[in-house]
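Q: This is entry-v7.pdb (PDB, C-alpha atoms and all ligand atoms).
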```
ATOM      1  CA  MET A 966      37.191-156.381 118.151  1.00  0.00           C
ATOM      2  CA  THR A 967      35.117-154.037 116.020  1.00  0.00           C
ATOM      3  CA  GLN A 968      36.506-150.513 115.971  1.00  0.00           C
ATOM      4  CA  VAL A 969      35.664-147.130 114.545  1.00  0.00           C
ATOM      5  CA  THR A 970      38.267-145.861 112.097  1.00  0.00           C
ATOM      6  CA  ARG A 971      38.614-143.200 109.446  1.00  0.00           C
ATOM      7  CA  ALA A 972      36.936-143.989 106.165  1.00  0.00           C
ATOM      8  CA  THR A 973      39.155-144.778 103.209  1.00  0.00           C
ATOM      9  CA  LEU A 974      38.593-143.597  99.667  1.00  0.00           C
ATOM     10  CA  ASN A 975      37.638-147.066  98.470  1.00  0.00           C
ATOM     11  CA  GLU A 976      34.753-147.085 100.977  1.00  0.00           C
ATOM     12  CA  GLY A 977      32.993-144.101  99.366  1.00  0.00           C
ATOM     13  CA  GLU A 978      30.462-146.200  97.482  1.00  0.00           C
ATOM     14  CA  GLN A 979      29.544-148.283 100.535  1.00  0.00           C
ATOM     15  CA  ILE A 980      29.064-145.115 102.602  1.00  0.00           C
ATOM     16  CA  PHE A 981      26.951-143.614  99.819  1.00  0.00           C
ATOM     17  CA  GLU A 982      24.761-146.730  99.725  1.00  0.00           C
ATOM     18  CA  LEU A 983      24.371-146.902 103.496  1.00  0.00           C
ATOM     19  CA  ILE A 984      23.342-143.244 103.819  1.00  0.00           C
ATOM     20  CA  ASN A 985      20.906-143.516 100.965  1.00  0.00           C
ATOM     21  CA  ILE A 986      19.162-146.606 102.372  1.00  0.00           C
ATOM     22  CA  TRP A 987      18.117-144.363 105.257  1.00  0.00           C
ATOM     23  CA  ALA A 988      17.545-141.336 103.042  1.00  0.00           C
ATOM     24  CA  GLY A 989      15.062-143.438 101.044  1.00  0.00           C
ATOM     25  CA  ARG A 990      13.157-143.986 104.291  1.00  0.00           C
ATOM     26  CA  GLY A 991      13.157-140.268 105.039  1.00  0.00           C
ATOM     27  CA  GLN A 992      15.475-140.616 108.039  1.00  0.00           C
ATOM     28  CA  LEU A 993      18.580-138.934 106.631  1.00  0.00           C
ATOM     29  CA  LEU A 994      19.305-136.317 104.006  1.00  0.00           C
ATOM     30  CA  PRO A 995      20.367-137.941 100.752  1.00  0.00           C
ATOM     31  CA  ARG A 996      23.993-137.499  99.677  1.00  0.00           C
ATOM     32  CA  THR A 997      25.400-137.826  96.207  1.00  0.00           C
ATOM     33  CA  LEU A 998      28.456-139.981  95.617  1.00  0.00           C
ATOM     34  CA  GLY A 999      30.322-136.788  94.784  1.00  0.00           C
ATOM     35  CA  GLU A1000      29.381-135.258  98.141  1.00  0.00           C
ATOM     36  CA  VAL A1001      30.589-138.373  99.928  1.00  0.00           C
ATOM     37  CA  TYR A1002      33.979-138.200  98.197  1.00  0.00           C
ATOM     38  CA  GLU A1003      34.281-134.430  98.710  1.00  0.00           C
ATOM     39  CA  ASN A1004      33.735-134.990 102.422  1.00  0.00           C
ATOM     40  CA  ILE A1005      35.407-138.386 102.786  1.00  0.00           C
ATOM     41  CA  ARG A1006      37.922-136.995 105.290  1.00  0.00           C
ATOM     42  CA  ASP A1007      35.003-136.184 107.612  1.00  0.00           C
ATOM     43  CA  PHE A1008      33.839-139.795 107.744  1.00  0.00           C
ATOM     44  CA  TYR A1009      34.342-142.523 110.282  1.00  0.00           C
ATOM     45  CA  VAL A1010      33.220-146.078 109.657  1.00  0.00           C
ATOM     46  CA  VAL A1011      32.593-149.302 111.499  1.00  0.00           C
ATOM     47  CA  ARG A1012      33.591-152.334 109.426  1.00  0.00           C
ATOM     48  CA  GLU A1013      32.898-156.000 109.744  1.00  0.00           C
ATOM     49  CA  GLU A1014      35.123-158.132 107.535  1.00  0.00           C
ATOM     50  CA  ASN A1015      35.885-155.233 105.201  1.00  0.00           C
ATOM     51  CA  LYS A1016      32.214-154.322 104.874  1.00  0.00           C
ATOM     52  CA  VAL A1017      31.071-150.887 106.071  1.00  0.00           C
ATOM     53  CA  VAL A1018      28.216-151.489 108.525  1.00  0.00           C
ATOM     54  CA  GLY A1019      28.086-147.997 110.049  1.00  0.00           C
ATOM     55  CA  CYS A1020      29.221-144.470 109.258  1.00  0.00           C
ATOM     56  CA  ALA A1021      29.149-140.937 110.616  1.00  0.00           C
ATOM     57  CA  ALA A1022      30.789-137.658 109.638  1.00  0.00           C
ATOM     58  CA  LEU A1023      32.053-134.713 111.661  1.00  0.00           C
ATOM     59  CA  HIS A1024      31.834-131.613 109.490  1.00  0.00           C
ATOM     60  CA  ILE A1025      33.306-128.344 110.704  1.00  0.00           C
ATOM     61  CA  THR A1026      30.961-125.391 110.253  1.00  0.00           C
ATOM     62  CA  TRP A1027      32.676-122.616 112.236  1.00  0.00           C
ATOM     63  CA  ASN A1028      35.756-121.919 114.345  1.00  0.00           C
ATOM     64  CA  ASP A1029      34.262-123.647 117.384  1.00  0.00           C
ATOM     65  CA  LEU A1030      31.378-125.627 115.925  1.00  0.00           C
ATOM     66  CA  ALA A1031      30.887-128.829 113.930  1.00  0.00           C
ATOM     67  CA  GLU A1032      27.931-130.867 112.734  1.00  0.00           C
ATOM     68  CA  LEU A1033      27.669-134.597 113.205  1.00  0.00           C
ATOM     69  CA  LYS A1034      26.166-135.744 109.923  1.00  0.00           C
ATOM     70  CA  SER A1035      25.048-138.871 108.134  1.00  0.00           C
ATOM     71  CA  ILE A1036      25.156-141.274 111.054  1.00  0.00           C
ATOM     72  CA  ALA A1037      23.787-144.601 109.894  1.00  0.00           C
ATOM     73  CA  VAL A1038      24.067-148.248 110.838  1.00  0.00           C
ATOM     74  CA  LEU A1039      22.818-151.144 108.717  1.00  0.00           C
ATOM     75  CA  ASP A1040      19.438-152.507 109.898  1.00  0.00           C
ATOM     76  CA  GLU A1041      20.770-155.911 110.796  1.00  0.00           C
ATOM     77  CA  LYS A1042      23.625-154.385 112.803  1.00  0.00           C
ATOM     78  CA  HIS A1043      21.512-152.178 115.068  1.00  0.00           C
ATOM     79  CA  SER A1044      21.788-152.405 118.864  1.00  0.00           C
ATOM     80  CA  ASN A1045      25.412-153.524 118.816  1.00  0.00           C
ATOM     81  CA  GLY A1046      26.645-150.196 120.152  1.00  0.00           C
ATOM     82  CA  TYR A1047      27.977-149.071 116.749  1.00  0.00           C
ATOM     83  CA  GLY A1048      25.956-145.837 116.681  1.00  0.00           C
ATOM     84  CA  LYS A1049      27.258-144.965 120.120  1.00  0.00           C
ATOM     85  CA  MET A1050      30.858-145.762 119.106  1.00  0.00           C
ATOM     86  CA  LEU A1051      30.578-143.533 116.037  1.00  0.00           C
ATOM     87  CA  VAL A1052      29.240-140.606 118.078  1.00  0.00           C
ATOM     88  CA  LYS A1053      31.994-141.111 120.667  1.00  0.00           C
ATOM     89  CA  GLU A1054      34.709-140.973 118.002  1.00  0.00           C
ATOM     90  CA  CYS A1055      33.288-137.754 116.540  1.00  0.00           C
ATOM     91  CA  VAL A1056      33.100-136.228 120.020  1.00  0.00           C
ATOM     92  CA  GLU A1057      36.720-137.212 120.707  1.00  0.00           C
ATOM     93  CA  GLU A1058      37.812-135.507 117.512  1.00  0.00           C
ATOM     94  CA  GLY A1059      35.736-132.452 118.446  1.00  0.00           C
ATOM     95  CA  LYS A1060      37.624-132.229 121.725  1.00  0.00           C
ATOM     96  CA  ILE A1061      40.984-132.515 119.959  1.00  0.00           C
ATOM     97  CA  LEU A1062      39.888-129.693 117.648  1.00  0.00           C
ATOM     98  CA  ASN A1063      38.928-127.629 120.699  1.00  0.00           C
ATOM     99  CA  LEU A1064      35.347-127.169 119.526  1.00  0.00           C
ATOM    100  CA  SER A1065      32.831-125.648 121.944  1.00  0.00           C
ATOM    101  CA  LYS A1066      29.878-127.533 120.561  1.00  0.00           C
ATOM    102  CA  ILE A1067      28.768-130.263 118.186  1.00  0.00           C
ATOM    103  CA  PHE A1068      25.266-130.371 116.781  1.00  0.00           C
ATOM    104  CA  ALA A1069      23.123-132.709 114.724  1.00  0.00           C
ATOM    105  CA  LEU A1070      19.765-132.438 112.999  1.00  0.00           C
ATOM    106  CA  THR A1071      17.827-135.625 113.483  1.00  0.00           C
ATOM    107  CA  TYR A1072      14.528-137.458 113.564  1.00  0.00           C
ATOM    108  CA  GLN A1073      15.975-139.632 116.364  1.00  0.00           C
ATOM    109  CA  PRO A1074      16.637-137.135 119.182  1.00  0.00           C
ATOM    110  CA  GLN A1075      16.237-139.829 121.847  1.00  0.00           C
ATOM    111  CA  PHE A1076      19.270-141.669 120.481  1.00  0.00           C
ATOM    112  CA  PHE A1077      21.398-138.561 121.033  1.00  0.00           C
ATOM    113  CA  GLU A1078      19.753-137.703 124.357  1.00  0.00           C
ATOM    114  CA  LYS A1079      20.757-141.123 125.671  1.00  0.00           C
ATOM    115  CA  LEU A1080      24.332-140.081 124.928  1.00  0.00           C
ATOM    116  CA  GLY A1081      24.030-136.813 126.861  1.00  0.00           C
ATOM    117  CA  TRP A1082      23.042-134.465 124.016  1.00  0.00           C
ATOM    118  CA  LYS A1083      20.305-131.852 124.529  1.00  0.00           C
ATOM    119  CA  GLN A1084      17.553-130.660 122.228  1.00  0.00           C
ATOM    120  CA  ALA A1085      18.055-127.106 120.969  1.00  0.00           C
ATOM    121  CA  ASP A1086      16.401-124.501 118.786  1.00  0.00           C
ATOM    122  CA  VAL A1087      18.043-124.612 115.345  1.00  0.00           C
ATOM    123  CA  MET A1088      17.932-120.809 115.302  1.00  0.00           C
ATOM    124  CA  THR A1089      20.576-120.895 118.050  1.00  0.00           C
ATOM    125  CA  LEU A1090      22.880-122.421 115.407  1.00  0.00           C
ATOM    126  CA  PRO A1091      23.051-119.461 113.023  1.00  0.00           C
ATOM    127  CA  GLN A1092      26.014-120.812 111.070  1.00  0.00           C
ATOM    128  CA  LYS A1093      23.949-123.849 110.093  1.00  0.00           C
ATOM    129  CA  VAL A1094      21.021-121.687 109.138  1.00  0.00           C
ATOM    130  CA  TRP A1095      23.177-119.372 107.008  1.00  0.00           C
ATOM    131  CA  ASN A1096      25.111-122.139 105.334  1.00  0.00           C
ATOM    132  CA  GLU A1097      22.523-124.747 104.495  1.00  0.00           C
ATOM    133  CA  CYS A1098      19.044-124.256 105.914  1.00  0.00           C
ATOM    134  CA  TYR A1099      18.235-121.200 103.793  1.00  0.00           C
ATOM    135  CA  ARG A1100      18.822-123.313 100.688  1.00  0.00           C
ATOM    136  CA  CYS A1101      16.537-126.126 101.858  1.00  0.00           C
ATOM    137  CA  PRO A1102      13.016-126.230 100.397  1.00  0.00           C
ATOM    138  CA  LYS A1103      11.666-127.186 103.840  1.00  0.00           C
ATOM    139  CA  PHE A1104      13.057-124.077 105.546  1.00  0.00           C
ATOM    140  CA  PRO A1105      11.785-122.754 107.955  1.00  0.00           C
ATOM    141  CA  ALA A1106       9.266-125.582 108.511  1.00  0.00           C
ATOM    142  CA  CYS A1107      11.976-128.135 109.168  1.00  0.00           C
ATOM    143  CA  GLU A1108      10.843-131.272 110.969  1.00  0.00           C
ATOM    144  CA  GLU A1109      14.318-132.349 112.012  1.00  0.00           C
ATOM    145  CA  ILE A1110      15.186-131.699 115.618  1.00  0.00           C
ATOM    146  CA  ALA A1111      18.428-129.983 116.537  1.00  0.00           C
ATOM    147  CA  VAL A1112      20.476-131.616 119.264  1.00  0.00           C
ATOM    148  CA  THR A1113      23.719-130.298 120.689  1.00  0.00           C
ATOM    149  CA  LEU A1114      26.555-131.417 122.904  1.00  0.00           C
ATOM    150  CA  ASP A1115      28.663-128.832 124.729  1.00  0.00           C
ATOM    151  CA  LEU A1116      32.314-129.805 124.861  1.00  0.00           C
ATOM    152  CA  ASN A1117      33.549-127.325 127.452  1.00  0.00           C
TER
HETATM  153  C1  LIG B   1      20.292-144.067 115.186  1.00  0.00           C
HETATM  154  C2  LIG B   1      21.224-145.233 114.831  1.00  0.00           C
HETATM  155  C3  LIG B   1      22.479-144.661 114.193  1.00  0.00           C
HETATM  156  C4  LIG B   1      21.571-145.976 116.123  1.00  0.00           C
HETATM  157  O1  LIG B   1      22.521-146.980 115.814  1.00  0.00           O
HETATM  158  P1  LIG B   1      22.729-148.292 116.716  1.00  0.00           P
HETATM  159  O2  LIG B   1      24.053-148.868 116.354  1.00  0.00           O
HETATM  160  O3  LIG B   1      21.547-149.163 116.634  1.00  0.00           O
HETATM  161  O4  LIG B   1      22.781-147.645 118.189  1.00  0.00           O
HETATM  162  P2  LIG B   1      23.522-148.237 119.479  1.00  0.00           P
HETATM  163  O5  LIG B   1      23.418-149.724 119.446  1.00  0.00           O
HETATM  164  O6  LIG B   1      24.873-147.649 119.599  1.00  0.00           O
HETATM  165  O7  LIG B   1      22.605-147.663 120.618  1.00  0.00           O
HETATM  166  C5  LIG B   1      23.105-146.843 121.677  1.00  0.00           C
HETATM  167  C6  LIG B   1      21.957-146.569 122.619  1.00  0.00           C
HETATM  168  O8  LIG B   1      20.949-145.780 121.966  1.00  0.00           O
HETATM  169  C7  LIG B   1      19.697-146.455 121.966  1.00  0.00           C
HETATM  170  N1  LIG B   1      19.047-146.198 120.684  1.00  0.00           N
HETATM  171  C8  LIG B   1      19.436-146.623 119.470  1.00  0.00           C
HETATM  172  N2  LIG B   1      18.614-146.119 118.525  1.00  0.00           N
HETATM  173  C9  LIG B   1      17.699-145.364 119.177  1.00  0.00           C
HETATM  174  C10 LIG B   1      16.591-144.580 118.775  1.00  0.00           C
HETATM  175  N3  LIG B   1      16.262-144.475 117.477  1.00  0.00           N
HETATM  176  N4  LIG B   1      15.885-143.929 119.717  1.00  0.00           N
HETATM  177  C11 LIG B   1      16.212-144.026 121.026  1.00  0.00           C
HETATM  178  N5  LIG B   1      17.266-144.754 121.480  1.00  0.00           N
HETATM  179  C12 LIG B   1      17.989-145.403 120.563  1.00  0.00           C
HETATM  180  C13 LIG B   1      20.033-147.936 122.155  1.00  0.00           C
HETATM  181  O9  LIG B   1      18.960-148.629 122.742  1.00  0.00           O
HETATM  182  C14 LIG B   1      21.250-147.861 123.054  1.00  0.00           C
HETATM  183  O10 LIG B   1      20.852-147.668 124.395  1.00  0.00           O
HETATM  184  P3  LIG B   1      21.599-148.427 125.613  1.00  0.00           P
HETATM  185  O11 LIG B   1      23.021-147.896 125.599  1.00  0.00           O
HETATM  186  O12 LIG B   1      20.816-148.021 126.801  1.00  0.00           O
HETATM  187  O13 LIG B   1      21.533-149.878 125.272  1.00  0.00           O
HETATM  188  C15 LIG B   1      20.546-146.255 113.898  1.00  0.00           C
HETATM  189  O14 LIG B   1      19.277-146.580 114.424  1.00  0.00           O
HETATM  190  C16 LIG B   1      20.359-145.775 112.477  1.00  0.00           C
HETATM  191  O15 LIG B   1      21.183-146.030 111.612  1.00  0.00           O
HETATM  192  N6  LIG B   1      19.228-145.098 112.198  1.00  0.00           N
HETATM  193  C17 LIG B   1      18.915-144.634 110.866  1.00  0.00           C
HETATM  194  C18 LIG B   1      19.618-143.359 110.538  1.00  0.00           C
HETATM  195  C19 LIG B   1      19.312-142.295 111.567  1.00  0.00           C
HETATM  196  O16 LIG B   1      18.183-142.101 111.959  1.00  0.00           O
HETATM  197  N7  LIG B   1      20.372-141.593 111.987  1.00  0.00           N
HETATM  198  C20 LIG B   1      20.262-140.595 113.051  1.00  0.00           C
HETATM  199  C21 LIG B   1      19.745-139.353 112.539  1.00  0.00           C
HETATM  200  S1  LIG B   1      20.987-138.196 112.069  1.00  0.00           S
END
```
What would you get if you wrote out this structure as structure tokens?
A:
Amino acid sequence: MTQVTRATLNEGEQIFELINIWAGRGQLLPRTLGEVYENIRDFYVVREENKVVGCAALHITWNDLAELKSIAVLDEKHSNGYGKMLVKECVEEGKILNLSKIFALTYQPQFFEKLGWKQADVMTLPQKVWNECYRCPKFPACEEIAVTLDLN
């Protein structure tokens, strides 16, 4: 049975390639290989026969808040429930960490809404704005939609 597990260091390049397929289509923010390795402990993967076919990262941004980042599934593996499994694993970890909320910035809000997330104003996520958004050339005219899931 296909499962979601923690990424291993030797999967960094596959994760990098998967994210950047979607970044090239404007659906995800690009990540460098260095950023993937620096954050490898945030990543979960779905594998089929040792090949990474899906990934997602849970990145802590504050004492009660984390961002679900870089969720991607290979084209030919869509609609197998892998995206949903990856979100579920991140949410489970968020609960273990006692987070109040998880958020994501996405062009696919309906995917998250199907899983019970709600659209939100990014300005209600000040930690995100302070940490990253101010450095983004698109700020404040960001086209990504913030979605959040309350955990308590
Ligand atoms: C979004 C993405 C991760 C979904 O992965 P997936 O493995 O195909 O999703 P799942 O099979 O787990 O789908 C779970 C549910 O969400 C629905 N769904 C999947 N993608 C959707 C989308 N883009 N919009 C609306 N609903 C979507 C599915 O129909 C399914 O519904 P069901 O439970 O009623 O059958 C995948 O399309 C992807 O890699 N997209 C490119 C990267 C991206 O946009 N990432 C999200 C932005 S951060």
Q: Starting from the PyMOL selection byres (((not hetatm)) within 9 of (chain B and resi 1)), expand the selection into actual residues of this file and give them as a VMD selection string.
A: chain A and resid 983 to 984 986 to 988 990 to 994 1019 to 1021 1033 to 1052 1069 to 1080 1109
Q: Take the point (29.7, -140.0, 100.8) as written in the file and pick out every residue within 12 Å of it, counting only C-alpha atoms; give the list as a PyMOL selection string.
A: chain A and resi 972-985+994-1010+1020-1022+1034-1037
Q: Name the residues that the PyMOL selection byres (((chain A and resi 1111) around 6) and not hetatm) picks from the file above, as a PyMOL selection string, using the file's chain letters and numbers.
A: chain A and resi 1069-1070+1084-1085+1087+1110+1112
Q: Please evaluate the PyMOL selection byres (((chain A and resi 1031) around 12) and not hetatm) against the displayed coordinates and give the resulting residues as number ranges by chain.
A: A: 1007, 1022-1030, 1032-1034, 1055-1056, 1058-1060, 1062-1070, 1090, 1092-1093, 1113-1116
Q: Okay, now the selection with C-alpha atoms, as an mmCIF file, keeping the file's coordinate frame?
A:
```cif
data_model
loop_
_atom_site.group_PDB
_atom_site.id
_atom_site.type_symbol
_atom_site.label_atom_id
_atom_site.label_comp_id
_atom_site.auth_asym_id
_atom_site.auth_seq_id
_atom_site.Cartn_x
_atom_site.Cartn_y
_atom_site.Cartn_z
ATOM 1 C CA ASP A 1007 35.003 -136.184 107.612
ATOM 2 C CA ALA A 1022 30.789 -137.658 109.638
ATOM 3 C CA LEU A 1023 32.053 -134.713 111.661
ATOM 4 C CA HIS A 1024 31.834 -131.613 109.490
ATOM 5 C CA ILE A 1025 33.306 -128.344 110.704
ATOM 6 C CA THR A 1026 30.961 -125.391 110.253
ATOM 7 C CA TRP A 1027 32.676 -122.616 112.236
ATOM 8 C CA ASN A 1028 35.756 -121.919 114.345
ATOM 9 C CA ASP A 1029 34.262 -123.647 117.384
ATOM 10 C CA LEU A 1030 31.378 -125.627 115.925
ATOM 11 C CA GLU A 1032 27.931 -130.867 112.734
ATOM 12 C CA LEU A 1033 27.669 -134.597 113.205
ATOM 13 C CA LYS A 1034 26.166 -135.744 109.923
ATOM 14 C CA CYS A 1055 33.288 -137.754 116.540
ATOM 15 C CA VAL A 1056 33.100 -136.228 120.020
ATOM 16 C CA GLU A 1058 37.812 -135.507 117.512
ATOM 17 C CA GLY A 1059 35.736 -132.452 118.446
ATOM 18 C CA LYS A 1060 37.624 -132.229 121.725
ATOM 19 C CA LEU A 1062 39.888 -129.693 117.648
ATOM 20 C CA ASN A 1063 38.928 -127.629 120.699
ATOM 21 C CA LEU A 1064 35.347 -127.169 119.526
ATOM 22 C CA SER A 1065 32.831 -125.648 121.944
ATOM 23 C CA LYS A 1066 29.878 -127.533 120.561
ATOM 24 C CA ILE A 1067 28.768 -130.263 118.186
ATOM 25 C CA PHE A 1068 25.266 -130.371 116.781
ATOM 26 C CA ALA A 1069 23.123 -132.709 114.724
ATOM 27 C CA LEU A 1070 19.765 -132.438 112.999
ATOM 28 C CA LEU A 1090 22.880 -122.421 115.407
ATOM 29 C CA GLN A 1092 26.014 -120.812 111.070
ATOM 30 C CA LYS A 1093 23.949 -123.849 110.093
ATOM 31 C CA THR A 1113 23.719 -130.298 120.689
ATOM 32 C CA LEU A 1114 26.555 -131.417 122.904
ATOM 33 C CA ASP A 1115 28.663 -128.832 124.729
ATOM 34 C CA LEU A 1116 32.314 -129.805 124.861
#
```
Q: Out of A:Glu1054, A:Lys1083, A:Gln968, A:Ile1061, which residue has the shortest atom-to-atom distance to Glu1013 (chain A) when counting only C-alpha atoms?
A: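 Checking each of A:Glu1054, A:Lys1083, A:Gln968, A:Ile1061 against Glu1013 (chain A), counting only C-alpha atoms, the winner is A:Gln968.
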Q: Kindly provide, as AutoDock Vina command-line options, the centre and edge lengths (Å, one decimal) of an axis-aligned box around all atoms of region 1039-1052 of chain A given in the file, with 4 Å on each side.
A:
```
--center_x 25.1 --center_y -148.3 --center_z 114.4 --size_x 19.4 --size_y 23.3 --size_z 19.4
```
Q: For CA of Val1011 (chain A) and CA of Glu1057 (chain A), quote the distance in Å rounded to one decimal.
A: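 Taking CA of Val1011 (chain A) as the start and CA of Glu1057 (chain A) as the end point, the length is 15.7 Å.
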